[in-house]
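Peer 1: Take a look at structure07.pdb, PDB, C-alpha atoms:
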ATOM      1  CA  MET C  26      -0.578 -19.197   6.328
ATOM      2  CA  ARG C  27      -0.367 -21.219   3.125
ATOM      3  CA  ILE C  28      -2.109 -18.675   0.908
ATOM      4  CA  ALA C  29      -0.398 -15.653   2.468
ATOM      5  CA  GLU C  30       1.152 -14.382  -0.755
ATOM      6  CA  THR C  31      -2.148 -14.281  -2.606
ATOM      7  CA  VAL C  32      -3.011 -11.032  -0.806
ATOM      8  CA  THR C  33      -3.152  -7.926  -3.027
ATOM      9  CA  PHE C  34       0.388  -6.584  -3.611
ATOM     10  CA  GLY C  35       1.565  -9.898  -2.166
ATOM     11  CA  GLY C  36       4.201 -10.405  -4.815
ATOM     12  CA  SER C  37       4.611 -11.887  -8.282
ATOM     13  CA  ALA C  38       8.240 -13.026  -8.216
ATOM     14  CA  LEU C  39       9.325  -9.893 -10.099
ATOM     15  CA  ASN C  40      13.023 -10.010 -10.932
ATOM     16  CA  ARG C  41      14.141  -6.764  -9.297
ATOM     17  CA  ALA C  42      17.696  -7.338 -10.583
ATOM     18  CA  ALA C  43      19.227  -5.360  -7.709
ATOM     19  CA  GLU C  44      22.704  -6.328  -8.901
ATOM     20  CA  LEU C  45      22.229  -4.007 -11.899
ATOM     21  CA  ARG C  46      21.383  -0.869  -9.930
ATOM     22  CA  GLY C  47      24.971   0.262  -9.365
ATOM     23  CA  ASP C  48      26.005  -0.050 -13.032
ATOM     24  CA  ALA C  49      25.336   3.500 -14.235
ATOM     25  CA  ALA C  50      26.579   2.904 -17.793
ATOM     26  CA  GLY C  51      24.641  -0.324 -18.146
ATOM     27  CA  MET C  52      21.486   1.288 -16.771
ATOM     28  CA  ALA C  53      21.800   4.197 -19.206
ATOM     29  CA  ALA C  54      21.834   1.653 -22.044
ATOM     30  CA  ARG C  55      18.776  -0.116 -20.633
ATOM     31  CA  MET C  56      16.868   3.164 -20.493
ATOM     32  CA  VAL C  57      17.059   3.453 -24.279
ATOM     33  CA  ASP C  58      16.418  -0.233 -24.931
ATOM     34  CA  PRO C  59      13.490  -0.454 -27.406
ATOM     35  CA  ASP C  60      11.899  -3.074 -25.143
ATOM     36  CA  ALA C  61      12.092  -0.843 -22.049
ATOM     37  CA  GLY C  62       8.867   0.425 -20.516
ATOM     38  CA  PHE C  63       8.319   3.547 -18.406
ATOM     39  CA  LEU C  64       5.395   3.869 -15.993
ATOM     40  CA  PRO C  65       4.541   7.529 -15.295
ATOM     41  CA  ILE C  66       3.352   8.349 -11.782
ATOM     42  CA  TRP C  67       1.472  11.621 -11.365
ATOM     43  CA  ARG C  68       1.045  12.707  -7.736
ATOM     44  CA  GLY C  69       0.882   9.098  -6.626
ATOM     45  CA  LYS C  70      -1.390   7.940  -9.455
ATOM     46  CA  PRO C  71      -0.076   5.378 -11.957
ATOM     47  CA  LEU C  72      -0.949   5.612 -15.631
ATOM     48  CA  PHE C  73      -3.552   3.049 -16.721
ATOM     49  CA  THR C  74      -4.468   1.922 -20.221
ATOM     50  CA  ASN C  75      -8.059   3.192 -19.935
ATOM     51  CA  ALA C  76     -10.688   4.639 -17.605
ATOM     52  CA  GLU C  77     -11.624   1.131 -16.455
ATOM     53  CA  GLN C  78      -8.025   0.733 -15.217
ATOM     54  CA  ASP C  79      -7.642  -2.628 -16.928
ATOM     55  CA  GLY C  80      -3.844  -2.524 -16.882
ATOM     56  CA  LEU C  81      -0.788  -0.336 -16.460
ATOM     57  CA  ALA C  82       0.221   1.844 -19.416
ATOM     58  CA  TRP C  83       3.924   1.556 -20.253
ATOM     59  CA  LEU C  84       5.503   4.275 -22.378
ATOM     60  CA  PRO C  85       8.504   3.743 -24.670
ATOM     61  CA  PRO C  86      11.914   5.357 -24.064
ATOM     62  CA  GLY C  87      12.008   9.020 -25.030
ATOM     63  CA  HIS C  88       8.252   9.584 -24.857
ATOM     64  CA  THR C  89       7.525  13.257 -24.137
ATOM     65  CA  VAL C  90       5.604  12.472 -20.947
ATOM     66  CA  VAL C  91       8.633  10.857 -19.297
ATOM     67  CA  ALA C  92      11.496  12.520 -21.203
ATOM     68  CA  GLY C  93      13.948  14.260 -18.904
ATOM     69  CA  GLY C  94      12.509  12.812 -15.718
ATOM     70  CA  GLU C  95      14.498  10.842 -13.161
ATOM     71  CA  ALA C  96      13.692   7.161 -13.588
ATOM     72  CA  VAL C  97      13.588   4.430 -10.951
ATOM     73  CA  PHE C  98      14.576   0.964 -12.134
ATOM     74  CA  LEU C  99      11.855  -1.465 -11.026
ATOM     75  CA  GLY C 100      13.294  -4.664 -12.472
ATOM     76  CA  LEU C 101      13.170  -6.947 -15.482
ATOM     77  CA  GLU C 102      10.274  -8.702 -17.159
ATOM     78  CA  GLY C 103      12.189 -11.317 -19.081
ATOM     79  CA  ASP C 104      14.934  -9.145 -20.562
ATOM     80  CA  ALA C 105      12.747  -6.020 -20.778
ATOM     81  CA  PRO C 106      13.649  -3.278 -18.265
ATOM     82  CA  ARG C 107      10.838  -1.600 -16.359
ATOM     83  CA  PHE C 108      11.119   1.916 -14.935
ATOM     84  CA  ALA C 109       8.946   4.347 -13.004
ATOM     85  CA  CYS C 110       9.069   8.081 -13.596
ATOM     86  CA  ASP C 111       7.497  10.812 -11.465
ATOM     87  CA  VAL C 112       5.730  13.342 -13.708
ATOM     88  CA  SER C 113       4.036  15.315 -10.931
ATOM     89  CA  ASP C 114       5.299  18.636 -12.322
ATOM     90  CA  TRP C 115       2.647  18.425 -15.036
ATOM     91  CA  GLU C 116      -0.292  20.740 -14.260
ATOM     92  CA  PRO C 117      -3.707  19.725 -15.644
ATOM     93  CA  GLU C 118      -6.114  22.461 -16.664
ATOM     94  CA  GLU C 119      -8.324  21.564 -13.693
ATOM     95  CA  LEU C 120      -7.481  20.009 -10.327
ATOM     96  CA  PRO C 121     -10.273  18.141  -8.503
ATOM     97  CA  ASP C 122     -11.179  18.839  -4.885
ATOM     98  CA  THR C 123     -10.765  15.116  -4.176
ATOM     99  CA  LEU C 124      -7.047  15.054  -4.980
ATOM    100  CA  GLY C 125      -5.241  13.502  -2.021
ATOM    101  CA  ALA C 126      -8.469  12.310  -0.375
ATOM    102  CA  PHE C 127      -8.901   8.859   1.186
ATOM    103  CA  LEU C 128     -10.239   7.664  -2.161
ATOM    104  CA  ASP C 129      -9.900  10.048  -5.099
ATOM    105  CA  PRO C 130     -12.283   8.983  -7.912
ATOM    106  CA  SER C 131     -10.986  11.579 -10.370
ATOM    107  CA  GLN C 132      -8.922  10.667 -13.413
ATOM    108  CA  GLN C 133      -6.523  12.832 -15.398
ATOM    109  CA  ARG C 134      -5.625  12.693 -19.099
ATOM    110  CA  HIS C 135      -2.304  14.052 -20.309
ATOM    111  CA  PRO C 136      -2.434  16.110 -23.535
ATOM    112  CA  ASP C 137       0.557  14.212 -24.926
ATOM    113  CA  LEU C 138      -1.351  10.934 -24.556
ATOM    114  CA  PRO C 139      -4.180  11.154 -27.125
ATOM    115  CA  GLY C 140      -5.343   7.586 -26.505
ATOM    116  CA  ALA C 141      -7.444   6.217 -23.651
ATOM    117  CA  GLU C 142      -4.701   6.367 -20.988
ATOM    118  CA  VAL C 143      -5.552   7.962 -17.632
ATOM    119  CA  PHE C 144      -3.868   8.661 -14.332
ATOM    120  CA  ALA C 145      -6.018   7.073 -11.627
ATOM    121  CA  GLU C 146      -5.974   6.234  -7.929
ATOM    122  CA  LEU C 147      -4.359   2.874  -7.195
ATOM    123  CA  ARG C 148      -6.810   2.040  -4.386
ATOM    124  CA  ALA C 149      -9.665   1.921  -6.879
ATOM    125  CA  ALA C 150      -7.887  -0.463  -9.260
ATOM    126  CA  MET C 151      -5.905  -2.740  -6.960
ATOM    127  CA  THR C 152      -8.423  -5.611  -6.849
ATOM    128  CA  ARG C 153      -8.588  -5.828 -10.662
ATOM    129  CA  MET C 154      -4.851  -5.856 -11.299
ATOM    130  CA  THR C 155      -2.731  -8.868 -12.128
ATOM    131  CA  PRO C 156      -0.208  -9.806  -9.407
ATOM    132  CA  ARG C 157       2.632  -8.513 -11.613
ATOM    133  CA  ASP C 158       0.974  -5.153 -12.337
ATOM    134  CA  ALA C 159       0.091  -4.808  -8.648
ATOM    135  CA  GLU C 160       3.684  -5.389  -7.535
ATOM    136  CA  LEU C 161       5.083  -2.998 -10.141
ATOM    137  CA  ALA C 162       2.537  -0.282  -9.337
ATOM    138  CA  ALA C 163       3.018  -0.589  -5.583
ATOM    139  CA  THR C 164       6.787  -0.417  -5.941
ATOM    140  CA  ALA C 165       6.632   2.533  -8.320
ATOM    141  CA  LYS C 166       4.225   4.499  -6.129
ATOM    142  CA  ALA C 167       6.156   3.878  -2.919
ATOM    143  CA  VAL C 168       9.628   4.667  -4.267
ATOM    144  CA  THR C 169       8.646   7.763  -6.259
ATOM    145  CA  GLY C 170       6.746   8.992  -3.203
ATOM    146  CA  TRP C 171       9.874   8.534  -1.085
ATOM    147  CA  HIS C 172      11.939  10.579  -3.531
ATOM    148  CA  ASP C 173       9.338  13.341  -3.463
ATOM    149  CA  SER C 174       9.479  13.654   0.344
ATOM    150  CA  HIS C 175      13.193  13.030   0.905
ATOM    151  CA  GLY C 176      14.929  15.533  -1.308
ATOM    152  CA  HIS C 177      17.081  16.860   1.545
ATOM    153  CA  CYS C 178      19.558  15.170   3.818
ATOM    154  CA  ALA C 179      18.146  14.237   7.228
ATOM    155  CA  ARG C 180      21.603  14.738   8.728
ATOM    156  CA  CYS C 181      22.711  18.144   7.402
ATOM    157  CA  GLY C 182      19.693  19.491   5.499
ATOM    158  CA  GLN C 183      21.411  19.884   2.144
ATOM    159  CA  PRO C 184      19.831  18.717  -1.149
ATOM    160  CA  THR C 185      20.446  15.069  -2.044
ATOM    161  CA  VAL C 186      20.884  13.449  -5.445
ATOM    162  CA  ILE C 187      19.447  10.215  -6.825
ATOM    163  CA  ALA C 188      21.769   7.196  -6.977
ATOM    164  CA  MET C 189      21.705   3.418  -7.505
ATOM    165  CA  SER C 190      19.095   3.630 -10.267
ATOM    166  CA  GLY C 191      16.619   5.291  -7.916
ATOM    167  CA  TRP C 192      17.138   3.078  -4.867
ATOM    168  CA  GLN C 193      19.363   5.512  -2.981
ATOM    169  CA  ARG C 194      19.838   9.234  -2.420
ATOM    170  CA  ASP C 195      23.288  10.620  -1.625
ATOM    171  CA  CYS C 196      24.207  13.834   0.108
ATOM    172  CA  PRO C 197      27.134  15.554  -1.664
ATOM    173  CA  ALA C 198      27.630  17.813   1.361
ATOM    174  CA  CYS C 199      28.186  15.258   4.136
ATOM    175  CA  GLY C 200      28.394  11.964   2.256
ATOM    176  CA  THR C 201      25.395  10.340   3.930
ATOM    177  CA  HIS C 202      23.497   7.670   1.984
ATOM    178  CA  HIS C 203      19.711   7.489   2.286
ATOM    179  CA  PHE C 204      17.494   4.525   1.378
ATOM    180  CA  PRO C 205      13.771   4.125   0.669
ATOM    181  CA  ARG C 206      11.693   4.098   3.804
ATOM    182  CA  THR C 207       9.299   1.317   4.765
ATOM    183  CA  ASP C 208       7.157   1.687   7.892
ATOM    184  CA  PRO C 209       6.283  -1.569   9.716
ATOM    185  CA  VAL C 210       2.630  -1.786  10.762
ATOM    186  CA  VAL C 211       0.830  -4.574  12.638
ATOM    187  CA  ILE C 212      -2.774  -5.325  11.737
ATOM    188  CA  MET C 213      -4.462  -7.925  13.867
ATOM    189  CA  LEU C 214      -7.307 -10.384  13.713
ATOM    190  CA  ILE C 215      -8.181 -10.472  17.416
ATOM    191  CA  THR C 216     -10.710 -13.156  18.248
ATOM    192  CA  ARG C 217     -12.488 -14.425  21.325
ATOM    193  CA  GLY C 218     -14.486 -17.534  20.735
ATOM    194  CA  ASN C 219     -16.562 -17.043  17.597
ATOM    195  CA  LYS C 220     -16.215 -13.277  17.293
ATOM    196  CA  VAL C 221     -13.650 -10.790  16.003
ATOM    197  CA  LEU C 222     -12.649  -7.355  17.283
ATOM    198  CA  MET C 223     -13.345  -4.506  14.848
ATOM    199  CA  GLY C 224     -12.657  -0.777  15.078
ATOM    200  CA  ARG C 225     -13.228   2.373  13.082
ATOM    201  CA  SER C 226     -11.415   5.633  12.467
ATOM    202  CA  PRO C 227     -13.414   8.844  12.899
ATOM    203  CA  HIS C 228     -12.658   9.825   9.295
ATOM    204  CA  TRP C 229     -13.976   6.670   7.652
ATOM    205  CA  PRO C 230     -17.302   6.407   5.817
ATOM    206  CA  GLU C 231     -20.286   5.749   8.062
ATOM    207  CA  GLY C 232     -20.528   2.119   9.085
ATOM    208  CA  MET C 233     -17.071   1.129   7.877
ATOM    209  CA  TYR C 234     -15.148  -1.024  10.371
ATOM    210  CA  SER C 235     -11.848  -2.843  10.007
ATOM    211  CA  LEU C 236      -9.229  -4.684  12.037
ATOM    212  CA  LEU C 237      -7.183  -2.716  14.535
ATOM    213  CA  ALA C 238      -3.729  -1.670  13.347
ATOM    214  CA  GLY C 239      -0.770   0.427  14.425
ATOM    215  CA  PHE C 240       2.896   1.189  13.797
ATOM    216  CA  VAL C 241       5.640  -0.929  15.317
ATOM    217  CA  GLU C 242       7.785   1.186  17.629
ATOM    218  CA  PRO C 243      11.608   1.129  17.789
ATOM    219  CA  GLY C 244      12.897  -1.702  19.944
ATOM    220  CA  GLU C 245       9.587  -3.587  19.779
ATOM    221  CA  THR C 246       8.747  -7.033  18.434
ATOM    222  CA  ILE C 247       5.756  -7.648  16.189
ATOM    223  CA  GLU C 248       4.056  -9.647  18.958
ATOM    224  CA  ALA C 249       4.583  -6.877  21.499
ATOM    225  CA  ALA C 250       3.254  -4.287  19.059
ATOM    226  CA  VAL C 251       0.073  -6.329  18.564
ATOM    227  CA  ARG C 252      -0.569  -6.521  22.301
ATOM    228  CA  ARG C 253       0.280  -2.861  22.913
ATOM    229  CA  GLU C 254      -1.845  -1.484  20.068
ATOM    230  CA  VAL C 255      -4.924  -3.516  20.981
ATOM    231  CA  TRP C 256      -4.614  -2.480  24.621
ATOM    232  CA  GLU C 257      -4.065   1.200  23.769
ATOM    233  CA  GLU C 258      -6.923   1.409  21.275
ATOM    234  CA  ALA C 259      -9.556  -0.905  22.732
ATOM    235  CA  GLY C 260      -8.464  -1.744  26.294
ATOM    236  CA  VAL C 261      -8.378  -5.462  25.469
ATOM    237  CA  LYS C 262      -5.602  -7.701  26.764
ATOM    238  CA  VAL C 263      -4.196 -10.155  24.208
ATOM    239  CA  GLY C 264      -2.517 -13.464  24.965
ATOM    240  CA  GLU C 265      -1.046 -15.687  22.250
ATOM    241  CA  VAL C 266      -0.053 -13.925  19.024
ATOM    242  CA  GLY C 267       0.841 -15.518  15.683
ATOM    243  CA  TYR C 268       1.922 -14.255  12.252
ATOM    244  CA  LEU C 269      -0.347 -14.831   9.239
ATOM    245  CA  ALA C 270       0.672 -12.774   6.185
ATOM    246  CA  SER C 271       2.233  -9.498   5.086
ATOM    247  CA  GLN C 272       1.262  -6.878   2.535
ATOM    248  CA  PRO C 273       3.192  -3.956   1.045
ATOM    249  CA  TRP C 274       0.820  -0.994   1.364
ATOM    250  CA  PRO C 275       2.071   1.975  -0.681
ATOM    251  CA  PHE C 276      -0.196   4.590   0.927
ATOM    252  CA  PRO C 277       2.416   5.899   1.302
ATOM    253  CA  SER C 278       5.052   3.366   2.411
ATOM    254  CA  SER C 279       3.921   0.731   4.907
ATOM    255  CA  LEU C 280       4.536  -2.983   5.240
ATOM    256  CA  MET C 281       1.536  -4.528   6.960
ATOM    257  CA  PHE C 282       2.205  -7.529   9.215
ATOM    258  CA  GLY C 283      -1.044  -9.469   9.479
ATOM    259  CA  CYS C 284      -1.297 -11.295  12.798
ATOM    260  CA  ARG C 285      -3.855 -13.199  14.805
ATOM    261  CA  GLY C 286      -4.278 -12.900  18.548
ATOM    262  CA  GLU C 287      -6.456 -14.341  21.278
ATOM    263  CA  ALA C 288      -8.245 -11.855  23.499
ATOM    264  CA  LEU C 289      -8.244 -12.577  27.238
ATOM    265  CA  SER C 290     -11.464 -10.673  27.946
ATOM    266  CA  ASP C 291     -14.599  -9.274  26.274
ATOM    267  CA  ASP C 292     -14.533  -5.824  27.864
ATOM    268  CA  ILE C 293     -13.783  -2.889  25.551
ATOM    269  CA  THR C 294     -12.605   0.544  26.660
ATOM    270  CA  ILE C 295     -11.661   2.649  23.650
ATOM    271  CA  ASP C 296      -9.201   5.509  23.587
ATOM    272  CA  PRO C 297     -11.142   8.222  21.664
ATOM    273  CA  VAL C 298      -7.866   9.810  20.623
ATOM    274  CA  GLU C 299      -6.910   6.580  18.838
ATOM    275  CA  ILE C 300     -10.214   5.322  17.391
ATOM    276  CA  ALA C 301     -13.890   6.299  17.209
ATOM    277  CA  ASP C 302     -15.327   2.917  18.157
ATOM    278  CA  ALA C 303     -14.553  -0.776  18.685
ATOM    279  CA  ILE C 304     -16.989  -3.690  18.732
ATOM    280  CA  TRP C 305     -17.098  -7.478  18.764
ATOM    281  CA  VAL C 306     -18.678  -8.977  15.642
ATOM    282  CA  GLY C 307     -19.828 -12.589  15.570
ATOM    283  CA  ARG C 308     -19.033 -14.910  12.686
ATOM    284  CA  GLU C 309     -22.658 -15.076  11.533
ATOM    285  CA  GLU C 310     -23.025 -11.290  11.432
ATOM    286  CA  MET C 311     -19.686 -10.934   9.657
ATOM    287  CA  MET C 312     -20.892 -13.331   6.983
ATOM    288  CA  ASP C 313     -23.884 -11.046   6.452
ATOM    289  CA  VAL C 314     -21.543  -8.044   6.283
ATOM    290  CA  PHE C 315     -19.451  -9.642   3.544
ATOM    291  CA  ALA C 316     -22.607 -10.675   1.693
ATOM    292  CA  GLY C 317     -23.801  -7.053   1.734
ATOM    293  CA  ASN C 318     -26.814  -7.876   3.911
ATOM    294  CA  SER C 319     -25.868  -5.899   7.020
ATOM    295  CA  GLN C 320     -27.611  -2.636   7.824
ATOM    296  CA  ARG C 321     -25.088  -1.861  10.572
ATOM    297  CA  LEU C 322     -21.646  -2.477   9.131
ATOM    298  CA  LYS C 323     -19.687  -2.152   5.914
ATOM    299  CA  PRO C 324     -16.877  -4.649   5.220
ATOM    300  CA  ALA C 325     -13.203  -3.756   5.166
ATOM    301  CA  ARG C 326     -12.084  -2.522   1.753
ATOM    302  CA  LYS C 327     -11.424  -5.230  -0.843
ATOM    303  CA  GLY C 328      -7.720  -5.488  -1.580
ATOM    304  CA  ALA C 329      -6.688  -4.496   1.938
ATOM    305  CA  ILE C 330      -5.108  -7.173   4.115
ATOM    306  CA  ALA C 331      -7.890  -6.659   6.675
ATOM    307  CA  HIS C 332     -10.449  -7.904   4.143
ATOM    308  CA  PHE C 333      -8.130 -10.789   3.231
ATOM    309  CA  LEU C 334      -7.680 -11.910   6.848
ATOM    310  CA  ILE C 335     -11.345 -11.650   7.808
ATOM    311  CA  TRP C 336     -12.469 -13.463   4.666
ATOM    312  CA  ASN C 337     -10.085 -16.330   5.335
ATOM    313  CA  TRP C 338     -11.100 -16.432   9.003
ATOM    314  CA  LEU C 339     -14.697 -16.892   7.871
ATOM    315  CA  ALA C 340     -13.557 -19.634   5.498
ATOM    316  CA  ASP C 341     -11.385 -21.356   8.158
ATOM    317  CA  ARG C 342      -8.272 -20.931   5.988
ATOM    318  CA  LEU C 343      -5.832 -19.335   8.419
ATOM    319  CA  ASP C 344      -3.581 -22.398   8.541
TER
END
Could I get this structure in the form of structure tokens?
Peer 2:
Amino acid sequence: MRIAETVTFGGSALNRAAELRGDAAGMAARMVDPDAGFLPIWRGKPLFTNAEQDGLAWLPPGHTVVAGGEAVFLGLEGDAPRFACDVSDWEPEELPDTLGAFLDPSQQRHPDLPGAEVFAELRAAMTRMTPRDAELAATAKAVTGWHDSHGHCARCGQPTVIAMSGWQRDCPACGTHHFPRTDPVVIMLITRGNKVLMGRSPHWPEGMYSLLAGFVEPGETIEAAVRREVWEEAGVKVGEVGYLASQPWPFPSSLMFGCRGEALSDDITIDPVEIADAIWVGREEMMDVFAGNSQRLKPARKGAIAHFLIWNWLADRLD
């Protein structure tokens, strides 16, 4: 797919400078470089410049919000180092009930940031971000989230320590090295003639449908995962499968493999344990859905690869 990398979080050619991660002395010097920038992440929420989430807010070295925290080296913008720092230990005066929800609309202001900066949910801002900000935010959220959930060794259970500028955790007890986790997920545009297969989770807003998706299992190819997931969820057999595009999806740590597949039948038999519903939607109706004229369906969320694939299917741009 020629425009594959234009998907949200699709990449911006960030120089991740992985060759610098093992140089502890050099990295210590970069962390006090006046041009260095630190992006605080509070419970998965990046810091934005304002309530409209117009851009990421980078703090200088030594700022009280990030001082003393373990930093993850994200890469270089020109010669300027960029770091992420988890500041989730900070406790606001009030915590919203929506924290950790599918879409948390709340925003938090840190008392040591008297300007307009706010911590806000990445899902709400992702379609307005530049490709560079999107890549940096997705990387920061995914890696800091991995550190938060992998503080102990999976082999012996002992506490691990950060290494390689945040891209590794080491176990002093047994010597095992641990690396950031990425979960492969297939998401598929399954068509039959002029219609596309859509499904919905029982926890989604009323009327919201999206493409079917599922995790790739050990020992399984992407193509096999597409066929298995569609059969398990909707009872539809799939023939030819092809790759279209991929998308890092830091909620919390997936890599979405967007594929297309040709259904071999129209019949649908859903597994209610897997999904709440599955339907065929014709091209004309889907155009109404995307135009906001449908009373039956809501489109897939903007910024998600499902929206990207369906939109380009409608526009005949899957080549």
Peer 1: Compare C:Arg206, C:His135, C:Arg217, C:Lys262 by their minimum atom-to-atom distance to C:Leu280, counting all atoms listed in the file, and give me the closest one.
Peer 2: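 The shortest atom-to-atom distance to C:Leu280 comes from C:Arg206.
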Peer 1: Please determine, counting all atoms listed in the file, which residue among C:Gly239, C:Gly69, C:Gly93, C:Gly100 has the shortest atom-to-atom distance to C:Ala126.
Peer 2: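 Checking each candidate against C:Ala126, we get C:Gly69 as the closest.
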Peer 1: C:Gly307, C:Gly286, C:Pro230, C:Pro275: which is nearest C:Ala329, counting all atoms listed in the file?
Peer 2: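 For C:Ala329, the nearest of the given residues is C:Pro275.
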Peer 1: Identify the residues around (10.2, 15.1, -2.2) within a radius of 12 Å, measuring from all atoms listed in the file in the coordinates stated by the file, and give them as a ChimeraX atom specification.
Peer 2: /C:68-69,111,113-114,167-178,184-187,194,205
Peer 1: Please measure the separation of atom CA of C:His88 and atom CA of C:Pro71, giving the value in Å to one decimal.
Peer 2: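 Taking atom CA of C:His88 as the start and atom CA of C:Pro71 as the end point, the length is 15.9 Å.
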Peer 1: Counting only C-alpha atoms, which residue out of C:Ile215, C:Glu254, C:Thr74, C:Asp79 sits closest to C:Pro139?
Peer 2: C:Thr74
Peer 1: So, counting all atoms listed in the file, which residue among C:Pro209, C:Arg134, C:Ser319, C:Ser235 is closest to C:Ser271?
Peer 2: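 Looking at the shortest contact to C:Ser271, the residue is C:Pro209.
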Peer 1: In Å, rounded to a single decimal, give me how far atom CA of C:Ala109 is from atom CA of C:Met151.
Peer 2: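 The value is 17.5 Å.
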